[in-house]
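Colleague: The structure file protein00.txt (compact mmCIF, C-alpha atoms) is provided below.
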```
# COMPACT_ATOMS: atom_id res chain seq x y z
CA MET A 1 77.75 -15.32 38.00
CA PRO A 2 75.16 -18.16 37.75
CA LEU A 3 75.52 -20.19 34.58
CA LEU A 4 72.09 -19.99 32.96
CA ASP A 5 71.14 -22.22 30.04
CA THR A 6 71.17 -19.61 27.29
CA ARG A 7 69.55 -22.05 24.86
CA VAL A 8 66.27 -21.55 26.75
CA PRO A 9 64.63 -18.14 26.18
CA ALA A 10 62.40 -16.32 28.63
CA VAL A 11 58.98 -14.76 28.03
CA LEU A 12 57.83 -12.03 30.43
CA LEU A 13 54.06 -11.54 30.61
CA ARG A 14 52.42 -8.40 31.99
CA ILE A 15 48.72 -7.67 31.47
CA ASP A 16 48.74 -4.47 33.54
CA ARG A 17 49.37 -1.51 31.24
CA ASN A 18 51.30 0.86 33.48
CA PRO A 19 54.36 2.09 31.52
CA PHE A 20 56.28 2.84 34.75
CA HIS A 21 56.52 -0.79 35.89
CA HIS A 22 60.22 -0.93 36.75
CA GLY A 23 60.03 -4.58 37.81
CA THR A 24 59.63 -5.64 34.18
CA LEU A 25 62.78 -3.75 33.23
CA GLY A 26 64.61 -5.41 36.14
CA ALA A 27 63.65 -8.87 34.86
CA VAL A 28 64.68 -7.98 31.30
CA ARG A 29 68.10 -6.84 32.46
CA SER A 30 68.64 -9.72 34.89
CA LEU A 31 68.06 -12.39 32.28
CA GLY A 32 69.51 -10.47 29.33
CA ARG A 33 72.80 -9.80 31.10
CA ALA A 34 73.13 -13.54 31.65
CA GLY A 35 72.82 -14.14 27.91
CA VAL A 36 69.19 -15.30 27.87
CA GLU A 37 67.01 -14.28 24.93
CA VAL A 38 64.20 -12.17 26.44
CA HIS A 39 60.74 -11.67 24.92
CA VAL A 40 58.23 -9.29 26.54
CA VAL A 41 54.47 -9.63 26.19
CA ALA A 42 53.24 -6.25 27.41
CA ASP A 43 51.88 -2.92 26.24
CA SER A 44 54.75 -1.17 24.50
CA THR A 45 53.05 2.23 24.09
CA GLY A 46 55.58 4.69 25.46
CA SER A 47 57.14 2.14 27.79
CA PRO A 48 60.84 2.72 28.58
CA VAL A 49 61.26 -1.08 28.71
CA THR A 50 61.12 -1.17 24.90
CA ARG A 51 64.39 0.81 24.79
CA SER A 52 66.38 -1.81 26.67
CA ARG A 53 69.14 -3.41 24.63
CA PHE A 54 68.35 -6.70 26.37
CA VAL A 55 64.86 -7.04 24.85
CA ARG A 56 64.89 -9.41 21.88
CA GLU A 57 61.28 -8.68 20.88
CA MET A 58 58.14 -6.99 22.21
CA HIS A 59 54.84 -8.82 21.62
CA PRO A 60 51.26 -7.46 21.82
CA PRO A 61 49.59 -8.19 25.16
CA PRO A 62 46.10 -9.60 25.64
CA PRO A 63 43.39 -6.90 25.75
CA PRO A 64 42.44 -5.35 29.13
CA GLY A 65 40.09 -7.65 31.02
CA ALA A 66 41.06 -10.55 28.76
CA SER A 67 39.61 -13.98 29.41
CA PRO A 68 41.93 -16.94 30.10
CA GLY A 69 41.30 -18.09 26.54
CA GLU A 70 42.44 -14.75 25.09
CA ILE A 71 45.56 -14.81 27.27
CA ALA A 72 46.33 -18.36 26.15
CA LEU A 73 45.89 -17.33 22.52
CA ALA A 74 48.35 -14.45 22.92
CA LEU A 75 50.89 -16.76 24.55
CA ARG A 76 50.47 -19.42 21.83
CA ARG A 77 51.26 -16.77 19.21
CA VAL A 78 54.43 -15.85 21.04
CA ALA A 79 55.38 -19.53 21.42
CA GLU A 80 55.04 -20.03 17.68
CA ARG A 81 57.39 -17.11 17.05
CA VAL A 82 59.93 -18.15 19.70
CA ALA A 83 59.76 -21.71 18.30
CA ARG A 84 61.16 -23.55 21.34
CA PRO A 85 60.15 -24.04 24.98
CA ALA A 86 60.69 -20.92 27.09
CA VAL A 87 60.62 -20.03 30.77
CA LEU A 88 57.43 -18.02 31.38
CA VAL A 89 57.60 -15.25 34.00
CA PRO A 90 54.29 -13.57 34.95
CA MET A 91 55.01 -10.03 36.15
CA ASP A 92 51.66 -9.07 37.70
CA ASP A 93 48.92 -10.79 39.69
CA ALA A 94 46.50 -11.02 36.77
CA SER A 95 49.16 -12.80 34.71
CA ALA A 96 50.15 -15.13 37.56
CA VAL A 97 46.54 -16.16 38.20
CA ALA A 98 45.82 -16.71 34.49
CA VAL A 99 48.97 -18.77 33.94
CA CYS A 100 48.16 -20.93 36.96
CA ARG A 101 44.70 -21.69 35.54
CA MET A 102 46.16 -22.64 32.15
CA ARG A 103 49.25 -24.50 33.32
CA GLU A 104 48.45 -27.77 31.52
CA GLU A 105 47.48 -26.00 28.33
CA LEU A 106 50.70 -23.94 28.31
CA ALA A 107 53.03 -26.72 29.42
CA PRO A 108 54.10 -27.92 25.95
CA SER A 109 55.43 -24.47 25.06
CA TYR A 110 56.46 -23.02 28.42
CA LEU A 111 58.43 -24.13 31.47
CA LEU A 112 56.51 -23.43 34.69
CA PRO A 113 56.91 -24.27 38.40
CA ALA A 114 54.78 -27.15 39.67
CA THR A 115 52.65 -24.97 41.92
CA PRO A 116 49.72 -26.99 43.25
CA GLY A 117 46.18 -26.33 42.03
CA ALA A 118 44.85 -22.82 42.31
CA LEU A 119 47.28 -21.78 45.06
CA PRO A 120 48.53 -18.59 43.34
CA GLU A 121 44.94 -17.45 42.91
CA ARG A 122 44.16 -18.18 46.59
CA VAL A 123 47.08 -16.23 47.99
CA ALA A 124 46.64 -13.29 45.59
CA ASP A 125 42.99 -12.95 46.66
CA LYS A 126 43.05 -10.64 49.70
CA ALA A 127 40.03 -12.27 51.33
CA GLU A 128 41.37 -15.79 50.78
CA LEU A 129 44.74 -14.75 52.16
CA ALA A 130 43.16 -14.00 55.55
CA LEU A 131 41.86 -17.59 55.63
CA VAL A 132 45.21 -18.98 54.50
CA CYS A 133 47.02 -17.12 57.29
CA ALA A 134 44.54 -18.39 59.87
CA SER A 135 45.02 -21.98 58.67
CA VAL A 136 48.81 -21.90 59.08
CA GLY A 137 49.04 -19.61 62.10
CA ILE A 138 50.62 -16.57 60.41
CA PRO A 139 49.60 -13.21 61.98
CA HIS A 140 47.25 -11.20 59.75
CA PRO A 141 45.19 -8.06 60.45
CA VAL A 142 41.62 -8.72 61.60
CA THR A 143 39.59 -8.82 58.38
CA LEU A 144 35.86 -8.46 57.75
CA VAL A 145 34.03 -9.08 54.46
CA PRO A 146 30.73 -7.16 54.62
CA ASP A 147 27.74 -8.34 52.63
CA SER A 148 25.70 -5.13 52.86
CA PRO A 149 26.27 -1.36 53.11
CA ALA A 150 25.11 -1.50 56.72
CA GLN A 151 27.70 -4.14 57.58
CA ALA A 152 30.40 -2.07 55.89
CA ALA A 153 29.45 0.93 58.01
CA ASP A 154 29.27 -1.21 61.17
CA ALA A 155 32.84 -2.39 60.56
CA ALA A 156 33.97 1.09 61.62
CA ARG A 157 32.63 0.32 65.11
CA ARG A 158 34.08 -3.17 65.21
CA LEU A 159 37.52 -2.40 63.80
CA GLY A 160 37.87 1.25 64.77
CA LEU A 161 38.84 4.18 62.58
CA PRO A 162 40.79 4.56 60.48
CA MET A 163 40.55 1.12 58.89
CA VAL A 164 41.85 -0.29 55.62
CA ALA A 165 39.62 -1.12 52.66
CA LYS A 166 40.81 -3.49 49.93
CA TRP A 167 39.25 -5.10 46.92
CA SER A 168 39.62 -8.85 47.19
CA ARG A 169 40.97 -9.20 43.64
CA PRO A 170 42.53 -5.83 42.81
CA TRP A 171 43.59 -6.89 39.33
CA ARG A 172 39.91 -6.81 38.36
CA VAL A 173 39.48 -3.11 39.21
CA PRO A 174 38.80 -1.35 35.89
CA ALA A 175 41.40 1.17 34.78
CA GLY A 176 40.07 4.72 34.87
CA SER A 177 37.37 3.91 37.45
CA GLY A 178 38.97 6.04 40.15
CA LEU A 179 38.95 3.01 42.47
CA HIS A 180 42.20 2.16 44.24
CA SER A 181 43.33 -1.28 45.32
CA THR A 182 43.81 -0.08 48.92
CA VAL A 183 42.22 2.88 50.71
CA LEU A 184 42.47 4.22 54.26
CA VAL A 185 38.84 4.60 55.38
CA LYS A 186 38.18 7.41 57.86
CA SER A 187 34.41 7.23 58.31
CA ALA A 188 31.52 4.75 58.32
CA GLN A 189 29.95 6.66 55.43
CA GLN A 190 33.08 6.21 53.32
CA ALA A 191 32.95 2.46 53.97
CA ARG A 192 29.29 2.37 52.96
CA GLU A 193 30.00 4.26 49.73
CA LEU A 194 32.85 1.92 48.82
CA TYR A 195 30.65 -1.13 49.34
CA LEU A 196 28.11 0.31 46.90
CA ARG A 197 30.80 0.15 44.18
CA THR A 198 31.46 -3.57 44.65
CA GLU A 199 29.96 -4.58 41.33
CA GLU A 200 32.04 -1.98 39.52
CA ALA A 201 35.23 -3.14 41.30
CA GLY A 202 34.71 -6.74 40.17
CA SER A 203 35.39 -8.44 43.52
CA PRO A 204 34.22 -8.21 47.14
CA LEU A 205 35.21 -5.40 49.47
CA LEU A 206 37.10 -6.36 52.60
CA LEU A 207 37.85 -4.18 55.61
CA GLN A 208 40.89 -4.64 57.84
CA ALA A 209 42.11 -3.37 61.18
CA TYR A 210 44.67 -0.64 60.60
CA LEU A 211 48.24 -1.25 61.73
CA PRO A 212 49.89 2.20 61.81
CA PRO A 213 53.19 2.59 59.94
CA GLY A 214 56.29 3.55 61.88
CA ARG A 215 60.04 3.36 61.90
CA ASP A 216 61.13 -0.17 60.97
CA HIS A 217 57.49 -1.34 60.76
CA ASP A 218 57.28 -2.09 57.01
CA TRP A 219 59.09 -5.13 55.65
CA PHE A 220 59.03 -7.34 52.58
CA PHE A 221 60.44 -10.72 51.64
CA HIS A 222 61.22 -11.82 48.10
CA GLY A 223 62.10 -15.41 47.37
CA TYR A 224 62.01 -18.36 45.03
CA ALA A 225 60.65 -21.70 46.27
CA ASP A 226 62.22 -24.62 44.45
CA ARG A 227 60.84 -28.09 43.70
CA ALA A 228 61.20 -29.07 47.37
CA CYS A 229 59.52 -25.81 48.53
CA ALA A 230 62.88 -24.65 49.90
CA VAL A 231 63.36 -20.89 49.70
CA ARG A 232 66.27 -19.97 47.44
CA ALA A 233 67.55 -16.53 46.53
CA GLY A 234 65.92 -13.35 47.79
CA GLY A 235 65.74 -12.24 51.38
CA PRO A 236 64.12 -9.79 53.82
CA GLY A 237 64.09 -6.07 53.15
CA ARG A 238 63.04 -2.96 55.03
CA LYS A 239 60.85 -0.39 53.33
CA GLN A 240 62.54 2.92 54.09
CA ARG A 241 60.30 5.06 51.93
CA ALA A 242 57.05 4.42 50.11
CA TRP A 243 54.79 6.28 47.71
CA PRO A 244 52.34 7.34 48.98
CA ARG A 245 53.92 7.76 52.41
CA GLY A 246 53.05 5.07 54.89
CA ALA A 247 51.61 2.82 52.17
CA GLY A 248 52.08 1.93 48.54
CA LEU A 249 55.08 0.87 46.53
CA THR A 250 58.63 0.74 47.87
CA VAL A 251 60.68 3.62 46.47
CA VAL A 252 63.65 3.21 48.82
CA GLY A 253 64.41 -0.21 50.31
CA ARG A 254 67.34 -1.87 52.03
CA TRP A 255 68.37 -5.52 52.29
CA THR A 256 68.21 -6.01 56.05
CA ASP A 257 68.67 -9.22 57.99
CA ASN A 258 65.52 -10.18 59.92
CA PRO A 259 65.35 -13.78 61.17
CA GLN A 260 61.69 -13.41 62.23
CA VAL A 261 60.52 -12.32 58.79
CA ARG A 262 62.61 -15.02 57.11
CA SER A 263 61.22 -17.69 59.42
CA LEU A 264 57.62 -16.62 58.72
CA ALA A 265 58.21 -16.63 54.95
CA GLU A 266 59.86 -20.05 54.93
CA ARG A 267 57.19 -21.59 57.14
CA LEU A 268 54.37 -20.18 55.05
CA VAL A 269 55.84 -21.44 51.77
CA ARG A 270 56.62 -24.86 53.22
CA GLU A 271 53.18 -25.42 54.77
CA LEU A 272 51.36 -24.29 51.63
CA GLY A 273 53.57 -26.33 49.31
CA TYR A 274 54.16 -23.22 47.20
CA ARG A 275 56.66 -23.34 44.33
CA GLY A 276 57.85 -20.41 42.27
CA ILE A 277 58.61 -16.72 42.78
CA PHE A 278 56.83 -14.86 45.57
CA ASP A 279 56.76 -11.40 47.13
CA LEU A 280 55.44 -10.92 50.68
CA ASP A 281 54.61 -7.68 52.50
CA PHE A 282 54.71 -7.52 56.30
CA ARG A 283 53.91 -4.83 58.87
CA ARG A 284 55.11 -5.05 62.44
CA CYS A 285 52.51 -4.28 65.09
CA GLY A 286 53.79 -1.51 67.33
CA THR A 287 51.91 -2.95 70.32
CA THR A 288 52.76 -6.66 70.17
CA GLY A 289 55.89 -6.59 67.99
CA SER A 290 54.50 -9.39 65.80
CA TYR A 291 54.85 -9.27 62.01
CA HIS A 292 51.51 -9.39 60.16
CA LEU A 293 51.38 -10.60 56.57
CA LEU A 294 49.58 -7.99 54.46
CA ASP A 295 50.06 -9.32 50.92
CA PHE A 296 51.23 -12.46 49.13
CA ASN A 297 52.06 -11.75 45.49
CA PRO A 298 52.72 -14.92 43.45
CA ARG A 299 55.21 -13.24 41.12
CA PRO A 300 58.31 -11.00 41.30
CA GLY A 301 57.96 -7.83 43.34
CA ALA A 302 58.90 -4.64 41.51
CA GLN A 303 62.06 -4.22 43.62
CA PHE A 304 63.23 -7.86 43.37
CA ARG A 305 66.62 -6.76 42.01
CA LEU A 306 67.51 -5.50 45.48
CA PHE A 307 68.20 -9.13 46.35
CA SER A 308 71.05 -9.89 43.97
CA ASP A 309 73.69 -11.80 45.95
CA THR A 310 77.46 -12.01 45.50
CA ALA A 311 76.99 -14.60 42.71
CA GLY A 312 74.46 -12.40 40.90
CA LEU A 313 71.55 -14.69 41.80
CA ASP A 314 68.11 -13.12 42.12
CA VAL A 315 64.64 -14.70 42.12
CA VAL A 316 64.15 -14.46 38.35
CA ARG A 317 67.48 -16.12 37.64
CA ALA A 318 66.69 -18.74 40.28
CA LEU A 319 63.46 -19.56 38.42
CA HIS A 320 65.30 -19.98 35.13
CA LEU A 321 68.05 -22.11 36.69
CA ASP A 322 65.61 -24.38 38.51
CA LEU A 323 63.28 -24.93 35.54
CA THR A 324 66.22 -25.74 33.25
CA HIS A 325 67.62 -28.18 35.85
CA ARG A 326 70.70 -26.10 36.58
CA GLN A 327 72.25 -25.87 40.02
CA LEU A 328 71.37 -22.85 42.14
CA SER A 329 74.59 -21.51 43.56
CA GLU A 330 75.11 -20.81 47.24
CA ALA A 331 76.47 -17.29 47.71
CA ALA A 332 76.65 -14.63 50.39
CA PRO A 333 73.75 -12.17 50.76
CA MET A 334 74.61 -8.51 50.21
CA VAL A 335 73.01 -7.22 53.40
CA GLY A 336 72.88 -3.43 53.45
CA ARG A 337 72.42 -3.10 49.69
CA SER A 338 69.78 -0.52 48.76
CA TYR A 339 67.28 -0.03 45.96
CA VAL A 340 65.88 3.31 44.77
CA VAL A 341 63.10 4.15 42.32
CA GLU A 342 64.62 7.41 41.22
CA ASN A 343 61.56 9.09 39.70
CA TYR A 344 59.89 8.95 43.13
CA ALA A 345 63.01 9.53 45.24
CA PRO A 346 65.60 11.43 43.15
CA LEU A 347 67.57 12.73 46.12
CA ALA A 348 67.92 9.24 47.62
CA ALA A 349 69.54 8.15 44.35
CA LEU A 350 72.32 10.72 44.90
CA ARG A 351 73.21 9.84 48.50
CA PRO A 352 76.26 7.66 49.27
CA ALA A 353 75.57 3.90 49.32
CA PRO A 354 78.53 2.18 51.01
CA HIS A 355 76.98 -1.30 50.67
CA GLY A 356 75.94 -0.90 47.05
CA ARG A 357 72.79 0.30 45.37
CA GLU A 358 70.63 -0.53 42.37
CA LEU A 359 68.49 2.06 40.62
CA ALA A 360 65.19 1.02 39.10
CA TRP A 361 65.73 2.79 35.78
CA HIS A 362 69.31 3.93 35.24
CA ALA A 363 72.04 1.42 34.42
CA PRO A 364 75.44 2.22 32.87
CA ASP A 365 75.23 -0.81 30.55
CA ASP A 366 71.65 -0.03 29.47
CA PRO A 367 71.13 3.76 29.63
CA ALA A 368 68.31 4.21 27.10
CA PRO A 369 65.38 3.15 29.37
CA GLY A 370 66.46 5.64 32.04
CA ARG A 371 66.50 8.51 29.58
CA ALA A 372 63.14 7.45 28.15
CA MET A 373 61.66 7.19 31.66
CA TRP A 374 62.55 10.78 32.56
CA ALA A 375 61.05 12.15 29.34
CA LEU A 376 57.85 10.16 29.86
CA TRP A 377 57.70 10.97 33.59
CA CYS A 378 58.01 14.74 33.02
CA ARG A 379 55.16 14.67 30.49
CA HIS A 380 53.09 12.53 32.85
CA VAL A 381 53.55 14.84 35.84
CA ALA A 382 52.91 17.95 33.74
CA ARG A 383 49.67 16.44 32.44
CA ARG A 384 48.50 15.55 35.96
CA LEU A 385 49.29 19.05 37.23
CA ARG A 386 47.31 20.62 34.38
CA GLN A 387 44.35 18.35 35.18
CA ARG A 388 44.43 19.33 38.85
CA LEU A 389 44.73 23.03 38.08
CA ARG A 390 41.71 22.85 35.77
CA ALA A 391 39.72 20.96 38.40
CA ALA A 392 40.71 23.21 41.31
CA PRO A 393 38.11 25.84 42.41
CA ALA A 394 39.11 29.46 42.15
CA ALA A 395 40.69 30.78 45.35
CA PRO A 396 41.87 34.24 46.43
CA VAL A 397 45.57 34.84 45.86
CA THR A 398 47.62 35.33 49.04
CA THR A 399 50.92 37.19 49.02
CA ARG A 400 51.92 36.85 52.66
CA VAL A 401 55.71 36.89 52.88
CA GLY A 402 57.15 33.56 53.85
CA ARG A 403 53.99 31.54 53.11
CA GLN A 404 54.63 28.60 50.84
CA ALA A 405 51.98 26.82 48.79
CA ALA A 406 51.79 23.06 49.25
CA ALA A 407 53.38 21.20 46.39
CA PRO A 408 50.96 19.03 44.43
CA SER A 409 51.52 15.37 45.11
CA LEU A 410 52.86 13.13 42.40
CA PRO A 411 50.58 10.49 40.93
CA ASP A 412 50.20 7.29 42.92
CA GLU A 413 51.41 4.78 40.36
CA GLU A 414 50.80 1.74 42.55
CA ASN A 415 47.15 2.66 42.98
CA ALA A 416 47.10 3.35 39.25
CA ARG A 417 47.60 -0.41 38.89
CA SER A 418 51.38 -0.84 38.76
CA HIS A 419 51.57 -3.26 41.67
```
Translate the structure of the given file into structure tokens.
Modeller:
Amino acid sequence: MPLLDTRVPAVLLRIDRNPFHHGTLGAVRSLGRAGVEVHVVADSTGSPVTRSRFVREMHPPPPPGASPGEIALALRRVAERVARPAVLVPMDDASAVAVCRMREELAPSYLLPATPGALPERVADKAELALVCASVGIPHPVTLVPDSPAQAADAARRLGLPMVAKWSRPWRVPAGSGLHSTVLVKSAQQARELYLRTEEAGSPLLLQAYLPPGRDHDWFFHGYADRACAVRAGGPGRKQRAWPRGAGLTVVGRWTDNPQVRSLAERLVRELGYRGIFDLDFRRCGTTGSYHLLDFNPRPGAQFRLFSDTAGLDVVRALHLDLTHRQLSEAAPMVGRSYVVENYAPLAALRPAPHGRELAWHAPDDPAPGRAMWALWCRHVARRLRQRLRAAPAAPVTTRVGRQAAAPSLPDEENARSH
């Protein structure tokens, strides 16, 4: 097990208010099990994370849509209570971007990677990422940024249908707006209508060529780039199941060796001079076989605990070790290990896992969050079903033997701002 400096606490920051963010719980457990005092700055309303025995204290988060100044104020209050320098771990894009902007201001109270300039903000911005990939020669889907409804509609001709629509800075999309960070566009009219909501979304609309999902097409890479921009900890993983299907968050993933994905990740980090935790999403083109970078998240991915090696090192522990000037151990990767988000894939959590498995919520040494999650999840699903039943138009009842009604889909938590 890596020897972390337990004199240095950790503060986890999450501005996004989704209570089902299992990545935060993973970070709490990873650091807490190593003896680190863990403080969490996040919305605690109903969150199962609050039940973890590894949380020292929950702190109020900044308000939704907070300015950098309001975020800095919230973090200064926490620093005063913690009363000694702490490793700061942003857990969502909004937090990572804000912390990057305020690095000098936060430095006396928090330990942070020496990431250059506004790099986290550049790579998190979906439109900027296309330019970054072009500058370093990393494959990326053809991307258009329309500046009028007509151009948005014309993109359907240029890119073909379906195509992918994204908001450049998805963390700015207002909660409750009905807008999703990523949408599969199936008509020119749909693209036009999305463009007309640009002001509401808070960032430009971009349209991308669609790379169809398929077996072994969806991959991710989690890593930590140290002071020399060398990738430590983490590794490549294959997305075996996602919610919603073919897109969205990873609900079943497997640590799978992939030299091509690793090489792309290491080259990208090195050429950008990036330092810190990162989470990359790739999709393999079925025609050319090349891996296209879809997303660069400058913070831990929700399933980062998949990549815990034989020494117990993961990207969050690597961050703490590096910033406290401790040695990062060299250990063997646990290729074949799996990760399951059991509220989305309960049956997968029951299947045999010969190479080991980590569940997002349940843990024998910390059972309370898992129990709290199921209670909250059942209420959440029941509420969504009631809403859909009230909104559904009346339809004639059919009693044909053998006919089965389609099951209502579960809520898309990623598009509800968990990722």
Colleague: Of the residues A:Phe54, A:Tyr224, A:Tyr274, A:Trp171, which is the one nearest to A:Pro120, using all atoms listed in the file?
Modeller: A:Tyr274
Colleague: So which one's closest to A:Arg262, A:Asp281, A:Asp93, A:Glu37, A:Asp295? Using all atoms listed in the file, please.
Modeller: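 Counting all atoms listed in the file, the residue closest to A:Arg262 is A:Asp281.
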Colleague: For atom CA of A:Ala118 and atom CA of A:Arg77, determine how far apart the two atoms are, in Å to one decimal place.
Modeller: 24.7 Å
Colleague: Name the residues in contact with A:Phe220 at a cut-off of 10 Å, using all atoms listed in the file, excluding same-chain residues fewer than 2 positions from it; report them as a list in words.
Modeller: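 In the requested form, the answer reads Asp218, His222, Gly235, Pro236, Gly237, Arg238, Lys239, Thr250, Gly253, Arg254, Trp255, Thr256, Val261, Arg262, Ala265, Asp279, Leu280, Asp281, Phe282, Arg283, Leu293, Leu294, Asp295, Phe296, Gly301 and Gln303 of chain A.
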Colleague: Would you mind telling me which residue in A:Arg284, A:Arg14, A:Arg232, A:His320 lies nearest to A:Ala98 when using all atoms listed in the file?
Modeller: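 Checking each of A:Arg284, A:Arg14, A:Arg232, A:His320 against A:Ala98, counting all atoms listed in the file, the winner is A:Arg14.
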Colleague: Calculate how many Å separate atom CA of A:Ala209 from atom CA of A:Val145, rounding to one decimal.
Modeller: 12.0 Å
Colleague: Find the spatial neighbours of A:Met58, counting all atoms listed in the file, within a cut-off of 8 Å - ignore same-chain residues fewer than 2 positions away - and output them as a ChimeraX atom specification.
Modeller: /A:39-42,44,50,55-56,60
Colleague: Which is closest to A:Pro244 among A:Glu193, A:Leu184, A:Gly69, A:Leu211, if we use all atoms listed in the file?
Modeller: A:Leu184
Colleague: Could you give me, as a list of chain:residue names, the residues within 9 Å of A:Thr115, counting only C-alpha atoms and dropping anything in the same chain fewer than 6 positions from it?
Modeller: A:Cys100, A:Arg227, A:Gly273, A:Tyr274, A:Arg275, A:Gly276
Colleague: Could you pull the residues within 12 Å of A:Thr143, counting all atoms listed in the file, minus those fewer than 5 positions along the same chain, as a PDB file with C-alpha atoms, in the coordinates of the input?
Modeller:
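Written out: part29.pdb:
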```pdb
ATOM      1  CA  LYS A 126      43.050 -10.640  49.700  1.00  0.00           C
ATOM      2  CA  ALA A 127      40.030 -12.270  51.330  1.00  0.00           C
ATOM      3  CA  GLU A 128      41.370 -15.790  50.780  1.00  0.00           C
ATOM      4  CA  LEU A 129      44.740 -14.750  52.160  1.00  0.00           C
ATOM      5  CA  ALA A 130      43.160 -14.000  55.550  1.00  0.00           C
ATOM      6  CA  LEU A 131      41.860 -17.590  55.630  1.00  0.00           C
ATOM      7  CA  CYS A 133      47.020 -17.120  57.290  1.00  0.00           C
ATOM      8  CA  ALA A 134      44.540 -18.390  59.870  1.00  0.00           C
ATOM      9  CA  ALA A 152      30.400  -2.070  55.890  1.00  0.00           C
ATOM     10  CA  ALA A 155      32.840  -2.390  60.560  1.00  0.00           C
ATOM     11  CA  ALA A 156      33.970   1.090  61.620  1.00  0.00           C
ATOM     12  CA  ARG A 158      34.080  -3.170  65.210  1.00  0.00           C
ATOM     13  CA  LEU A 159      37.520  -2.400  63.800  1.00  0.00           C
ATOM     14  CA  MET A 163      40.550   1.120  58.890  1.00  0.00           C
ATOM     15  CA  VAL A 164      41.850  -0.290  55.620  1.00  0.00           C
ATOM     16  CA  ALA A 165      39.620  -1.120  52.660  1.00  0.00           C
ATOM     17  CA  LYS A 166      40.810  -3.490  49.930  1.00  0.00           C
ATOM     18  CA  SER A 168      39.620  -8.850  47.190  1.00  0.00           C
ATOM     19  CA  LEU A 205      35.210  -5.400  49.470  1.00  0.00           C
ATOM     20  CA  LEU A 206      37.100  -6.360  52.600  1.00  0.00           C
ATOM     21  CA  LEU A 207      37.850  -4.180  55.610  1.00  0.00           C
ATOM     22  CA  GLN A 208      40.890  -4.640  57.840  1.00  0.00           C
ATOM     23  CA  ALA A 209      42.110  -3.370  61.180  1.00  0.00           C
ATOM     24  CA  TYR A 210      44.670  -0.640  60.600  1.00  0.00           C
ATOM     25  CA  LEU A 211      48.240  -1.250  61.730  1.00  0.00           C
ATOM     26  CA  LEU A 294      49.580  -7.990  54.460  1.00  0.00           C
TER      27      LEU A 294
END
```
Colleague: At what distance in Å, to one decimal, does atom CA of A:Tyr195 lie from atom CA of A:Val173?
Modeller: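 Atom CA of A:Val173 sits 13.6 Å away from atom CA of A:Tyr195.
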Colleague: Using all atoms listed in the file, what table do you get, as a Markdown table, when you list each residue of stretch 71-180 of chain A with an atom no more than 9 Å from stretch 15-20 of chain A, its nearest pair of atoms, and their distance in Å rounded to one decimal, rows by chain then rising number?
Modeller:
```
| residue | atom | partner | partner_atom | distance |
| --- | --- | --- | --- | --- |
| A:Ile71 | CA | A:Ile15 | CA | 8.9 |
| A:Pro90 | CA | A:Ile15 | CA | 8.8 |
| A:Met91 | CA | A:Ile15 | CA | 8.2 |
| A:Asp92 | CA | A:Asp16 | CA | 6.9 |
| A:Asp93 | CA | A:Ile15 | CA | 8.8 |
| A:Ala94 | CA | A:Ile15 | CA | 6.7 |
| A:Ser95 | CA | A:Ile15 | CA | 6.1 |
| A:Trp171 | CA | A:Asp16 | CA | 8.1 |
```
Colleague: Quick one: of A:Glu70, A:Asp309, A:Asp322, A:Asp226, who's nearest to A:Phe278, counting all atoms listed in the file?
Modeller: A:Asp226
Colleague: Skip A:Ala349 itself and residues of its chain fewer than 2 positions away, then list as an MDAnalysis selection string all residues within 10 Å of it, counting only C-alpha atoms.
Modeller: chainID A and resid 252 338:347 351:353 357:360
Colleague: Restricting the output to C-alpha atoms, write the selected residues as a PDB file, in the coordinates of the input.
Modeller:
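So the final result, stored in again_9.pdb, reads:
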```
ATOM      1  CA  VAL A 252      63.650   3.210  48.820  1.00  0.00           C
ATOM      2  CA  SER A 338      69.780  -0.520  48.760  1.00  0.00           C
ATOM      3  CA  TYR A 339      67.280  -0.030  45.960  1.00  0.00           C
ATOM      4  CA  VAL A 340      65.880   3.310  44.770  1.00  0.00           C
ATOM      5  CA  VAL A 341      63.100   4.150  42.320  1.00  0.00           C
ATOM      6  CA  GLU A 342      64.620   7.410  41.220  1.00  0.00           C
ATOM      7  CA  ASN A 343      61.560   9.090  39.700  1.00  0.00           C
ATOM      8  CA  TYR A 344      59.890   8.950  43.130  1.00  0.00           C
ATOM      9  CA  ALA A 345      63.010   9.530  45.240  1.00  0.00           C
ATOM     10  CA  PRO A 346      65.600  11.430  43.150  1.00  0.00           C
ATOM     11  CA  LEU A 347      67.570  12.730  46.120  1.00  0.00           C
ATOM     12  CA  ARG A 351      73.210   9.840  48.500  1.00  0.00           C
ATOM     13  CA  PRO A 352      76.260   7.660  49.270  1.00  0.00           C
ATOM     14  CA  ALA A 353      75.570   3.900  49.320  1.00  0.00           C
ATOM     15  CA  ARG A 357      72.790   0.300  45.370  1.00  0.00           C
ATOM     16  CA  GLU A 358      70.630  -0.530  42.370  1.00  0.00           C
ATOM     17  CA  LEU A 359      68.490   2.060  40.620  1.00  0.00           C
ATOM     18  CA  ALA A 360      65.190   1.020  39.100  1.00  0.00           C
TER      19      ALA A 360
END
```
Colleague: Please give the centre and size of the box around stretch 46-58 of chain A (axis-aligned, containing every atom listed in the file, 6 Å added per side), with values in Å to one decimal and written as AutoDock Vina command-line options.
Modeller:
```
--center_x 62.4 --center_y -2.4 --center_z 24.8 --size_x 25.6 --size_y 26.1 --size_z 19.8
```
Colleague: Closest to A:Ala311 among A:Val335, A:Ala72, A:Leu3, A:Ser135, using only C-alpha atoms?
Modeller: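 Of A:Val335, A:Ala72, A:Leu3, A:Ser135, the one nearest A:Ala311, counting only C-alpha atoms, is A:Leu3.
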